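Heads up, the thing below is written out as structure tokens.
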Amino acid sequence: MPIYRFIFFSAKHRFAHASNLLPRFGSSKRIQSCGYTKSAKNNYYKKPTGHPVVNVETQASRSSGAYFIPPILLGFGGLLAFLHYNDERRAVKIGKDSYTGSDTAVAPIIGGPFTLVNSENQIVNEQDFLGNWVLLYFGYTSSPDIGPDQVRIMAKVIDTLEAKKNLKVLPVFVTIDPQRDTPAQLRAYLKEFDPRIVGLGGLVSAVRQMAQEYRVYFKKVEEEGDDYLVESSHSMYLIDPKMKVVRCFGVEYNAEQLSKEILKELKKHQVNA
Amino acid sequence: MSLEAYASAKQDEIHTDVLLQARQACYKARDAFYSCLEKHSDKKPTEIGSVGLLYPTECKPSREDYVKNCRVSWVKHFDRQYCKTKRTQRLLDDKETRRGV
């Protein structure tokens, strides 16, 4: 914004000068018949008394014309310098961040601290997961079809990675329906898929805060008293040992694709580390 | 004391109707109902299920079985999904009957 005003102001300034200059040159042309520079000089010497007002005018217009050119050039140069400086300033603001190395695009920082209750009724926060790769899924036990499918995929991926590549990834299931999903419920539900899946629930406010940090959308729909569904984005987050979100997977990934992608991310991380 | 007892009771209560076996039963009943619908698709649907799903009287017993085995919100969810797939199928199959395209 200020750039435009500056340009406009300086342009107006310059144009005002130009419009001032034009009639004066025009008047000088009217008195002499030959070229401009020669006749101006002639004018000055040959007709000192003839047209004093016009003479002074032409002389004044010439020198005032000369006076205006350096400021205009300076103004233009100043404008260029200002634009260049502004470009430099803006470039520094966007590029550098803690995400050097692997990522060329800078993404918003997803994730953050959380304090929840696990299925053994113990309080858990994000510090407990430092040092492990974590596959995090936000779901709820009363999901009719997508929820169980995703948890099954998660269990299969964990199995594949551990059996074939000997890579330990910790699966975590955070419930976005903590009112109905008590720790006992989580335990019973997740036991059927895989005993390694950690179930996390707790207070509604704690879950809501975590969902906000991880940019997870969830909303109660079809509410009929105690019976409702929770609409959500059904995505899985891959988190590195420093508790930084590396990648987000949607429902379109099946077990093989997911394990392949996770493997890729792990390898990439090992190369960088 | 009673509040604690209440709290602990609430804590221990497990909704078994979303666990594996209940889910399997629900899926089976749902599939049975929908196959019944397919089988009798030429009959005129007279009964109305949830979210505007119509079905013929022949499928009434399988419908009852389905509703018994699944939660109400699940029934609604599956019915809505079924209607949507039916509609898109109808749009896709309708290529021959459309004129001027």
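Labeling convention for the structure tokens: chains A, B, ... as they appear, residues from 1 per chain, ligands from 1 in order of appearance.
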
**Item:** DSSP helix (DSSP H, G or I) selection over chain B, as a PyMOL selection string
**Value:** chain B and resi 2-12+16-18+20-39+50-52+57-69+72-93

Please, which residues in chain B fall within 12 Å of chain A when counting only C-alpha atoms, and what is the closest atom pair and distance in Å to one decimal for each, ordered by chain then residue number, as a Markdown table?
| residue | atom | partner | partner_atom | distance |
| --- | --- | --- | --- | --- |
| B:Ala7 | CA | A:Thr182 | CA | 11.0 |
| B:Ser8 | CA | A:Thr182 | CA | 10.5 |
| B:Ala9 | CA | A:Ala184 | CA | 10.7 |
| B:Lys10 | CA | A:Thr182 | CA | 8.3 |
| B:Gln11 | CA | A:Thr182 | CA | 5.8 |
| B:Asp12 | CA | A:Ala184 | CA | 5.8 |
| B:Glu13 | CA | A:Gln185 | CA | 7.3 |
| B:Ile14 | CA | A:Gln185 | CA | 5.0 |
| B:His15 | CA | A:Gln185 | CA | 6.8 |
| B:Thr16 | CA | A:Gln185 | CA | 8.5 |
| B:Asp17 | CA | A:Ser142 | CA | 8.5 |
| B:Val18 | CA | A:Ser142 | CA | 5.6 |
| B:Leu19 | CA | A:Tyr189 | CA | 5.9 |
| B:Leu20 | CA | A:Glu192 | CA | 7.0 |
| B:Gln21 | CA | A:Glu192 | CA | 9.9 |
| B:Ala22 | CA | A:Pro144 | CA | 10.8 |
| B:Arg23 | CA | A:Pro144 | CA | 7.8 |
| B:Gln24 | CA | A:Pro144 | CA | 10.7 |
| B:Cys26 | CA | A:Pro144 | CA | 9.3 |
| B:Tyr27 | CA | A:Asp145 | CA | 9.2 |
| B:Arg30 | CA | A:Pro144 | CA | 11.6 |
| B:Val51 | CA | A:Glu222 | CA | 11.1 |
| B:Cys70 | CA | A:Pro144 | CA | 9.1 |
| B:Arg71 | CA | A:Asp227 | CA | 7.8 |
| B:Val72 | CA | A:Asp227 | CA | 7.4 |
| B:Ser73 | CA | A:Tyr228 | CA | 6.0 |
| B:Trp74 | CA | A:Pro144 | CA | 5.8 |
| B:Val75 | CA | A:Pro144 | CA | 9.0 |
| B:Lys76 | CA | A:Glu222 | CA | 8.5 |
| B:His77 | CA | A:Pro144 | CA | 7.8 |
| B:Phe78 | CA | A:Pro144 | CA | 8.3 |
| B:Asp79 | CA | A:Pro144 | CA | 11.9 |
| B:Arg80 | CA | A:Glu222 | CA | 11.8 |
| B:Gln81 | CA | A:Asp145 | CA | 11.1 |

Next, the residues of the selection above should be written as a tab-separated table (two decimals), in the first residue's frame with N, CA, C and O atoms.
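That gives us out-v2.tsv:
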chain	number	residue	atom	x	y	z
B	7	ALA	N	-20.18	-42.60	39.71
B	7	ALA	CA	-19.11	-42.27	38.76
B	7	ALA	C	-18.39	-43.54	38.32
B	7	ALA	O	-18.13	-43.75	37.15
B	8	SER	N	-18.08	-44.38	39.27
B	8	SER	CA	-17.34	-45.59	38.91
B	8	SER	C	-18.20	-46.52	38.07
B	8	SER	O	-17.72	-47.17	37.16
B	9	ALA	N	-19.51	-46.55	38.39
B	9	ALA	CA	-20.39	-47.40	37.58
B	9	ALA	C	-20.41	-46.89	36.14
B	9	ALA	O	-20.31	-47.66	35.19
B	10	LYS	N	-20.51	-45.56	36.02
B	10	LYS	CA	-20.52	-44.97	34.68
B	10	LYS	C	-19.21	-45.28	33.96
B	10	LYS	O	-19.19	-45.51	32.77
B	11	GLN	N	-18.13	-45.27	34.72
B	11	GLN	CA	-16.83	-45.52	34.13
B	11	GLN	C	-16.76	-46.94	33.58
B	11	GLN	O	-16.22	-47.17	32.51
B	12	ASP	N	-17.32	-47.89	34.34
B	12	ASP	CA	-17.15	-49.28	33.95
B	12	ASP	C	-18.12	-49.72	32.87
B	12	ASP	O	-17.93	-50.77	32.27
B	13	GLU	N	-19.13	-48.91	32.66
B	13	GLU	CA	-20.14	-49.34	31.69
B	13	GLU	C	-19.57	-49.29	30.28
B	13	GLU	O	-19.01	-48.29	29.85
B	14	ILE	N	-19.73	-50.39	29.61
B	14	ILE	CA	-19.18	-50.48	28.25
B	14	ILE	C	-20.33	-50.63	27.27
B	14	ILE	O	-21.22	-51.45	27.49
B	15	HIS	N	-20.25	-49.87	26.22
B	15	HIS	CA	-21.29	-50.01	25.19
B	15	HIS	C	-20.93	-51.21	24.33
B	15	HIS	O	-20.10	-51.11	23.41
B	16	THR	N	-21.54	-52.32	24.63
B	16	THR	CA	-21.16	-53.52	23.89
B	16	THR	C	-21.72	-53.52	22.48
B	16	THR	O	-21.29	-54.29	21.65
B	17	ASP	N	-22.66	-52.63	22.20
B	17	ASP	CA	-23.27	-52.69	20.88
B	17	ASP	C	-22.41	-52.05	19.80
B	17	ASP	O	-22.83	-51.95	18.66
B	18	VAL	N	-21.21	-51.60	20.17
B	18	VAL	CA	-20.30	-51.13	19.13
B	18	VAL	C	-19.05	-51.99	19.03
B	18	VAL	O	-18.18	-51.72	18.23
B	19	LEU	N	-19.01	-53.02	19.85
B	19	LEU	CA	-17.84	-53.89	19.79
B	19	LEU	C	-17.97	-54.85	18.62
B	19	LEU	O	-18.98	-54.89	17.92
B	20	LEU	N	-16.94	-55.64	18.45
B	20	LEU	CA	-16.77	-56.41	17.22
B	20	LEU	C	-17.98	-57.27	16.87
B	20	LEU	O	-18.50	-57.20	15.76
B	21	GLN	N	-18.43	-58.04	17.82
B	21	GLN	CA	-19.51	-58.98	17.48
B	21	GLN	C	-20.79	-58.25	17.12
B	21	GLN	O	-21.46	-58.61	16.14
B	22	ALA	N	-21.08	-57.22	17.88
B	22	ALA	CA	-22.29	-56.46	17.58
B	22	ALA	C	-22.18	-55.83	16.20
B	22	ALA	O	-23.14	-55.78	15.43
B	23	ARG	N	-20.98	-55.35	15.89
B	23	ARG	CA	-20.78	-54.74	14.57
B	23	ARG	C	-20.99	-55.77	13.48
B	23	ARG	O	-21.66	-55.49	12.47
B	24	GLN	N	-20.43	-56.95	13.67
B	24	GLN	CA	-20.59	-58.00	12.65
B	24	GLN	C	-22.05	-58.33	12.45
B	24	GLN	O	-22.54	-58.43	11.32
B	26	CYS	N	-24.57	-56.47	13.03
B	26	CYS	CA	-25.23	-55.34	12.39
B	26	CYS	C	-24.96	-55.34	10.90
B	26	CYS	O	-25.89	-55.15	10.10
B	27	TYR	N	-23.72	-55.55	10.52
B	27	TYR	CA	-23.38	-55.54	9.10
B	27	TYR	C	-24.13	-56.65	8.36
B	27	TYR	O	-24.61	-56.46	7.25
B	30	ARG	N	-27.72	-55.70	7.99
B	30	ARG	CA	-27.83	-54.63	7.01
B	30	ARG	C	-27.71	-55.19	5.60
B	30	ARG	O	-28.49	-54.85	4.71
B	51	VAL	N	-34.88	-41.70	7.03
B	51	VAL	CA	-34.34	-40.75	6.05
B	51	VAL	C	-34.88	-40.99	4.64
B	51	VAL	O	-34.17	-40.90	3.66
B	70	CYS	N	-28.84	-52.99	14.97
B	70	CYS	CA	-27.97	-51.82	14.84
B	70	CYS	C	-28.56	-50.65	15.60
B	70	CYS	O	-29.75	-50.56	15.80
B	71	ARG	N	-27.68	-49.74	15.95
B	71	ARG	CA	-28.12	-48.52	16.62
B	71	ARG	C	-28.91	-47.65	15.65
B	71	ARG	O	-28.68	-47.68	14.46
B	72	VAL	N	-29.77	-46.82	16.19
B	72	VAL	CA	-30.62	-45.98	15.36
B	72	VAL	C	-29.77	-45.04	14.48
B	72	VAL	O	-30.04	-44.88	13.29
B	73	SER	N	-28.74	-44.46	15.07
B	73	SER	CA	-27.92	-43.53	14.28
B	73	SER	C	-27.19	-44.27	13.17
B	73	SER	O	-27.00	-43.74	12.07
B	74	TRP	N	-26.82	-45.54	13.45
B	74	TRP	CA	-26.16	-46.32	12.41
B	74	TRP	C	-27.12	-46.65	11.27
B	74	TRP	O	-26.76	-46.60	10.10
B	75	VAL	N	-28.35	-47.00	11.65
B	75	VAL	CA	-29.36	-47.31	10.64
B	75	VAL	C	-29.54	-46.11	9.71
B	75	VAL	O	-29.55	-46.25	8.48
B	76	LYS	N	-29.63	-44.96	10.32
B	76	LYS	CA	-29.82	-43.74	9.51
B	76	LYS	C	-28.62	-43.50	8.61
B	76	LYS	O	-28.77	-43.16	7.43
B	77	HIS	N	-27.43	-43.69	9.18
B	77	HIS	CA	-26.20	-43.48	8.41
B	77	HIS	C	-26.14	-44.41	7.21
B	77	HIS	O	-25.89	-43.98	6.08
B	78	PHE	N	-26.41	-45.70	7.42
B	78	PHE	CA	-26.33	-46.66	6.33
B	78	PHE	C	-27.41	-46.42	5.29
B	78	PHE	O	-27.17	-46.55	4.09
B	79	ASP	N	-28.61	-46.05	5.77
B	79	ASP	CA	-29.69	-45.79	4.82
B	79	ASP	C	-29.36	-44.61	3.93
B	79	ASP	O	-29.60	-44.63	2.72
B	80	ARG	N	-28.81	-43.59	4.56
B	80	ARG	CA	-28.47	-42.40	3.78
B	80	ARG	C	-27.42	-42.73	2.74
B	80	ARG	O	-27.49	-42.33	1.59
B	81	GLN	N	-26.42	-43.52	3.14
B	81	GLN	CA	-25.36	-43.93	2.22
B	81	GLN	C	-25.95	-44.75	1.07
B	81	GLN	O	-25.62	-44.56	-0.10

**Prompt:** In Å, with one decimal, what is the gap from atom CA of A:Asn86 to atom CA of A:Ile69?
**Reply:** 25.7 Å

**Item:** Test item, strand (DSSP E) assignment across chain B, answer as a PyMOL selection string
**Value:** chain B and resi 47-48+54-55

**For atom CA of A:Asn254 and atom CA of A:Asn132, the interatomic separation in Å (one decimal)** =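 A separation of 22.8 Å between them.
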
**Prompt:** A:Gly250: which residues within 10 Å, counting only C-alpha atoms, same-chain residues fewer than 6 positions away excluded, as a ChimeraX atom specification?
**Reply:** /A:150,233-237,258

Could you write out that same residue set with N, CA, C and O atoms as a short mmCIF file (atom, residue, chain, number, x, y, z; two decimals), in the first residue's frame?
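result_19.cif, freshly written:
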data_model
loop_
_atom_site.label_atom_id
_atom_site.label_comp_id
_atom_site.auth_asym_id
_atom_site.auth_seq_id
_atom_site.Cartn_x
_atom_site.Cartn_y
_atom_site.Cartn_z
N GLN A 150 -10.57 -47.82 9.76
CA GLN A 150 -9.30 -47.11 9.93
C GLN A 150 -8.46 -47.74 11.03
O GLN A 150 -7.24 -47.86 10.89
N SER A 233 -12.74 -35.67 10.41
CA SER A 233 -11.94 -35.71 9.20
C SER A 233 -11.26 -37.05 9.00
O SER A 233 -10.67 -37.28 7.97
N HIS A 234 -11.32 -37.96 9.96
CA HIS A 234 -10.82 -39.32 9.80
C HIS A 234 -9.43 -39.38 9.20
O HIS A 234 -9.20 -40.10 8.23
N SER A 235 -8.49 -38.62 9.74
CA SER A 235 -7.16 -38.72 9.16
C SER A 235 -6.16 -39.17 10.21
O SER A 235 -6.34 -38.97 11.40
N MET A 236 -5.10 -39.78 9.70
CA MET A 236 -4.06 -40.27 10.59
C MET A 236 -2.84 -39.38 10.48
O MET A 236 -2.46 -38.97 9.38
N TYR A 237 -2.21 -39.12 11.61
CA TYR A 237 -1.04 -38.27 11.62
C TYR A 237 0.19 -39.10 11.96
O TYR A 237 0.19 -39.85 12.92
N LEU A 258 -0.26 -47.25 2.99
CA LEU A 258 0.09 -46.53 4.20
C LEU A 258 1.44 -46.99 4.73
O LEU A 258 2.30 -46.17 5.09
#

**Request:** For A:Leu170, please output as a list in words all residues within 8 Å (counting only C-alpha atoms; exclusion window: fewer than 2 positions along the same chain).
**Result:**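 The neighbour list is Asn132, Trp133, Val134, Leu135, Ile158, Lys168, Val172, Arg196, Ile197 and Val198 of chain A.
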
**Residues near B:Lys28, cut-off 10 Å, only C-alpha atoms, skip fewer than 6 positions along chain, as a ChimeraX atom specification** = /B:22,34,65-66,69

Using the selection just defined, write its residues with all heavy atoms as a tab-separated table (two decimals), in the first residue's frame.
chain	number	residue	atom	x	y	z
B	22	ALA	N	-21.08	-57.22	17.88
B	22	ALA	CA	-22.29	-56.46	17.58
B	22	ALA	C	-22.18	-55.83	16.20
B	22	ALA	O	-23.14	-55.78	15.43
B	22	ALA	CB	-22.50	-55.38	18.64
B	34	TYR	N	-30.51	-55.08	2.56
B	34	TYR	CA	-30.28	-54.44	1.28
B	34	TYR	C	-30.37	-55.43	0.12
B	34	TYR	O	-30.85	-55.09	-0.97
B	34	TYR	CB	-28.93	-53.72	1.26
B	34	TYR	CG	-28.93	-52.46	2.08
B	34	TYR	CD1	-27.79	-52.04	2.76
B	34	TYR	CD2	-30.06	-51.67	2.20
B	34	TYR	CE1	-27.78	-50.88	3.52
B	34	TYR	CE2	-30.07	-50.52	2.95
B	34	TYR	CZ	-28.92	-50.13	3.62
B	34	TYR	OH	-28.93	-48.98	4.37
B	65	ASP	N	-35.21	-56.95	11.64
B	65	ASP	CA	-33.99	-57.58	12.12
B	65	ASP	C	-32.82	-56.60	12.10
B	65	ASP	O	-32.04	-56.51	13.04
B	65	ASP	CB	-33.69	-58.80	11.21
B	65	ASP	CG	-32.68	-59.71	11.84
B	65	ASP	OD1	-32.72	-59.87	13.08
B	65	ASP	OD2	-31.83	-60.24	11.11
B	66	TYR	N	-32.75	-55.85	11.02
B	66	TYR	CA	-31.70	-54.87	10.83
B	66	TYR	C	-31.79	-53.78	11.91
B	66	TYR	O	-30.80	-53.43	12.56
B	66	TYR	CB	-31.86	-54.30	9.42
B	66	TYR	CG	-31.10	-53.07	9.04
B	66	TYR	CD1	-29.79	-52.85	9.45
B	66	TYR	CD2	-31.68	-52.11	8.22
B	66	TYR	CE1	-29.10	-51.71	9.08
B	66	TYR	CE2	-30.99	-50.99	7.83
B	66	TYR	CZ	-29.71	-50.78	8.26
B	66	TYR	OH	-29.03	-49.65	7.87
B	69	ASN	N	-30.63	-55.02	15.28
B	69	ASN	CA	-29.23	-55.31	15.51
B	69	ASN	C	-28.32	-54.09	15.47
B	69	ASN	O	-27.16	-54.18	15.83
B	69	ASN	CB	-28.73	-56.29	14.44
B	69	ASN	CG	-28.95	-57.72	14.86
B	69	ASN	OD1	-28.58	-58.07	15.96
B	69	ASN	ND2	-29.55	-58.50	14.01
